[in-house]
Amino acid sequence: MVRASLDDVRRRVVGIDAEVTLLDGSKRPYINFDNASTTPCLGRVLERTAEFLRWYGSVGRGAGFKSDVSTTAMSDARASLASFVGADLAAHTVIFTKNTTEALNKLAHRFPFAAGDVVLCSLMEHHSNDLPWRAAAEVERIGIDRTGRLDLMHLERQLGKLGGRVRLVGVTGGSNVTGYINPIHDIAEMAHAAGAQVVVDAAQLAAHRTIQMGPAGGARSIDYLAFAGHKMYAPFGVGVLVGLKEAFLSYDFDMVGGGTVDLVTLNDTQWSGLPAREEAGSLNAVGIVALAEAAWCLQEIGLDRIAEHEAALTARFLRGLHEIDGIIVHGDDDPDRATERLGVVPFEVRGMPHQLVAAILAAEGGIGVRTGLFCSHPYMLEVMDYGTARVAGLKKELAAGVRAKLPGFTRVSFGLYNTELEVDALLDLLVRLASGRYAGEYTQDLASGAFHAKGHARGVEDAFALGR
Ligand SMILES: Cc1ncc(COP(=O)(O)O)c(C=O)c1O
């Protein structure tokens, strides 16, 4: 098999040549360094999805040819996504949702918790792998160390202290804030030894590392896994929950309706088997095909090759940041360890609000990044060492509708298609920005906290407007 080069893959990324207007009126291809939020669509994913649309029909309900094609595509997609994460369809089920958040909420709702059960959740989690558990069980925490890494000794102590009450340990595969990769199989081993199961939020991991859940019931296997297409080059509204069938045996469904039943009378209901009874209503067949194609593409490109490329970009970026006065990198800032982490780099420019940094990068460089607290408030507050008094002040401001002083970092996150030239363009602009040599005059909107450059005709409506 001849593998496409990453340059070829890049050339075909949908929208890679889209130009944006900078503050000085010039145009420049947009540089997307916000891949941890969402990724663009791969060319092949779009083409294959368009091809599928020719044969699109009702899934599992119709009797025509297109219906058969679509139904077959769904079962093929399930099988190929199971294989993508090393799951075994005899013991695991693959449930489609609309995103990672819905997948984790579904597990939180469906997991057979009993009174007093504990979910041991890391402090590093995105809200989507935190809030659902608070609603479902008692939540205890796995702490982090001084560098923001997960504290495995604390996990050990917590498992010991909480005895057999821990039913589930919830960790992210990779942090959307610091890019740290957690040793999920070691964690699974520790959880299993204490009689608990493990759920991994793989939203950040799926497009960057090979995942092997392992045999059902294995000492080091992952029991439940959630991820989504929009962070792996298939932004068509599909997430996946892969997990042991045993969690979905009760009839206390989170949603019921069409597609979940074999027979309904006025008095009773005969439920379908798994996974149909967990997927109420019509499936997002187009999104599912896109996601399965994306998984196929990532495997063909090679996740090792992707990891290596993104690590090279991360190392280059970190080296460049070290050269700039006034930049503070958070988490691990060692370029030599770039292969051990995801290409997610949070930093601050001393004395400059994070929202202003983002606004300058956008207006003067055509560069998209993310800023703020990254939907990981407990982790960020801990990493920023933001004490209770400051949190109380912040709460007051937010209650008054003011987000201007919301703390946070600027985050750059790399994807397989980003290039060294793009990293260098970012570094060049950061050099100017950190020494106060930026061109625009920026004002802040107090309610949203966002900064806007005076006189910047961005042409947002010209880029895309519905119904034109
Ligand atoms: C680690 C992590 N988990 C969960 C989510 C939520 O993912 P989704 O938008 O697919 O629900 C995100 C999104 O940024 C994330 O980074």
# chains A, B, ... in the order shown; residues from 1 in each chain; ligands from 1
$ residues_around --residues "range 315-324 of chain A" --least-positions-apart "5" --cutoff "8 Å" --atoms "only C-alpha atoms" --output "ChimeraX atom specification"
/A:329,333-338,420,423-424,427,430-431,434
$ write_last_selection --atoms "N, CA and C atoms" --output "PDB file, in the first residue's frame"
ATOM      1  N   VAL A 329       4.814  29.220  29.576  1.00  0.00           N
ATOM      2  CA  VAL A 329       4.176  27.981  29.108  1.00  0.00           C
ATOM      3  C   VAL A 329       3.696  27.202  30.325  1.00  0.00           C
ATOM      4  N   ASP A 333       6.884  21.958  29.505  1.00  0.00           N
ATOM      5  CA  ASP A 333       7.359  22.842  28.429  1.00  0.00           C
ATOM      6  C   ASP A 333       8.638  22.303  27.789  1.00  0.00           C
ATOM      7  N   ASP A 334       8.948  21.028  28.036  1.00  0.00           N
ATOM      8  CA  ASP A 334      10.197  20.458  27.526  1.00  0.00           C
ATOM      9  C   ASP A 334       9.997  19.907  26.106  1.00  0.00           C
ATOM     10  N   PRO A 335      10.644  20.537  25.105  1.00  0.00           N
ATOM     11  CA  PRO A 335      10.481  20.072  23.717  1.00  0.00           C
ATOM     12  C   PRO A 335      10.926  18.623  23.549  1.00  0.00           C
ATOM     13  N   ASP A 336      11.893  18.182  24.371  1.00  0.00           N
ATOM     14  CA  ASP A 336      12.400  16.814  24.217  1.00  0.00           C
ATOM     15  C   ASP A 336      11.396  15.756  24.670  1.00  0.00           C
ATOM     16  N   ARG A 337      10.357  16.206  25.345  1.00  0.00           N
ATOM     17  CA  ARG A 337       9.332  15.227  25.767  1.00  0.00           C
ATOM     18  C   ARG A 337       8.059  15.348  24.915  1.00  0.00           C
ATOM     19  N   ALA A 338       8.195  16.012  23.760  1.00  0.00           N
ATOM     20  CA  ALA A 338       6.991  16.279  22.951  1.00  0.00           C
ATOM     21  C   ALA A 338       6.315  14.998  22.474  1.00  0.00           C
ATOM     22  N   GLU A 420       5.157  23.215   9.720  1.00  0.00           N
ATOM     23  CA  GLU A 420       6.189  24.000  10.410  1.00  0.00           C
ATOM     24  C   GLU A 420       6.090  25.471  10.015  1.00  0.00           C
ATOM     25  N   VAL A 423       3.599  27.047  12.153  1.00  0.00           N
ATOM     26  CA  VAL A 423       4.127  27.251  13.511  1.00  0.00           C
ATOM     27  C   VAL A 423       5.035  28.481  13.524  1.00  0.00           C
ATOM     28  N   ASP A 424       5.879  28.606  12.494  1.00  0.00           N
ATOM     29  CA  ASP A 424       6.794  29.746  12.443  1.00  0.00           C
ATOM     30  C   ASP A 424       6.037  31.059  12.311  1.00  0.00           C
ATOM     31  N   LEU A 427       4.859  31.890  15.716  1.00  0.00           N
ATOM     32  CA  LEU A 427       5.957  32.348  16.575  1.00  0.00           C
ATOM     33  C   LEU A 427       6.371  33.777  16.227  1.00  0.00           C
ATOM     34  N   LEU A 430       3.952  36.064  17.701  1.00  0.00           N
ATOM     35  CA  LEU A 430       4.062  36.088  19.171  1.00  0.00           C
ATOM     36  C   LEU A 430       5.258  36.931  19.622  1.00  0.00           C
ATOM     37  N   VAL A 431       6.331  36.901  18.836  1.00  0.00           N
ATOM     38  CA  VAL A 431       7.500  37.730  19.167  1.00  0.00           C
ATOM     39  C   VAL A 431       7.073  39.199  19.194  1.00  0.00           C
ATOM     40  N   ALA A 434       4.441  39.887  22.106  1.00  0.00           N
ATOM     41  CA  ALA A 434       4.968  39.871  23.479  1.00  0.00           C
ATOM     42  C   ALA A 434       5.793  41.108  23.773  1.00  0.00           C
TER      43      ALA A 434
END
$ residues_around --residues "Leu356 in chain A" --least-positions-apart "4" --cutoff "10 Å" --atoms "only C-alpha atoms" --output "PDB file with C-alpha atoms, in the first residue's frame"
ATOM      1  CA  VAL A 349       1.772  36.382  27.502  1.00  0.00           C
ATOM      2  CA  MET A 352      -1.776  40.593  28.515  1.00  0.00           C
ATOM      3  CA  ILE A 360      -4.319  39.871  17.896  1.00  0.00           C
ATOM      4  CA  LEU A 361      -3.474  36.443  16.514  1.00  0.00           C
ATOM      5  CA  ALA A 362      -6.770  36.421  14.625  1.00  0.00           C
ATOM      6  CA  THR A 371      -8.598  30.889  25.053  1.00  0.00           C
ATOM      7  CA  THR A 410      -4.257  30.807  25.296  1.00  0.00           C
ATOM      8  CA  LEU A 433       2.933  40.638  20.355  1.00  0.00           C
ATOM      9  CA  TYR A 442      -8.251  46.712  20.548  1.00  0.00           C
ATOM     10  CA  THR A 443     -11.295  47.269  22.727  1.00  0.00           C
ATOM     11  CA  GLN A 444     -12.900  44.721  24.986  1.00  0.00           C
ATOM     12  CA  GLY A 449     -14.708  39.395  27.287  1.00  0.00           C
ATOM     13  CA  ALA A 450     -13.734  39.331  23.602  1.00  0.00           C
ATOM     14  CA  PHE A 451     -11.443  41.997  22.134  1.00  0.00           C
ATOM     15  CA  HIS A 452     -12.123  43.564  18.751  1.00  0.00           C
ATOM     16  CA  ALA A 453      -9.681  45.387  16.523  1.00  0.00           C
TER      17      ALA A 453
END
$ closest_residue --among "A:Ile367, A:Asn418, A:Tyr386, A:Asp262" --to "Arg61 in chain A" --atoms "only C-alpha atoms"
A:Asp262
$ residues_around --residues "Arg78 in chain A" --least-positions-apart "6" --cutoff "9 Å" --atoms "only C-alpha atoms" --output "list in words"
Leu89, Thr93, Val94, Ile95, Phe96, Ile288 and Ala292 of chain A
$ closest_residue --among "A:Arg54, A:Lys405, A:Arg48, A:Lys106" --to "ligand 1" --atoms "only C-alpha atoms and all ligand atoms"
A:Lys106
$ residues_near_ligand --ligand "ligand 1" --cutoff "9 Å" --atoms "only C-alpha atoms and all ligand atoms" --output "number ranges by chain"
A: 36-38, 98-104, 124-129, 172-177, 201-205, 226-231, 237-239, 374-376
$ residues_around --residues "His109 in chain A" --least-positions-apart "5" --cutoff "10 Å" --atoms "only C-alpha atoms" --output "PyMOL selection string"
chain A and resi 103-104+132-133+135-137+247-248+252-254
$ write_last_selection --atoms "C-alpha atoms" --output "CSV table (one decimal), in the first residue's frame"
chain,number,residue,atom,x,y,z
A,103,ALA,CA,-21.9,9.4,25.2
A,104,LEU,CA,-20.7,10.1,28.7
A,132,PRO,CA,-22.6,13.7,34.3
A,133,TRP,CA,-21.0,11.7,37.2
A,135,ALA,CA,-25.6,13.7,38.7
A,136,ALA,CA,-25.4,9.9,38.9
A,137,ALA,CA,-23.3,9.0,41.9
A,247,ALA,CA,-23.8,-1.8,31.8
A,248,PHE,CA,-26.9,-1.6,29.5
A,252,ASP,CA,-34.2,2.3,32.9
A,253,PHE,CA,-33.5,3.9,29.5
A,254,ASP,CA,-32.4,7.5,29.2
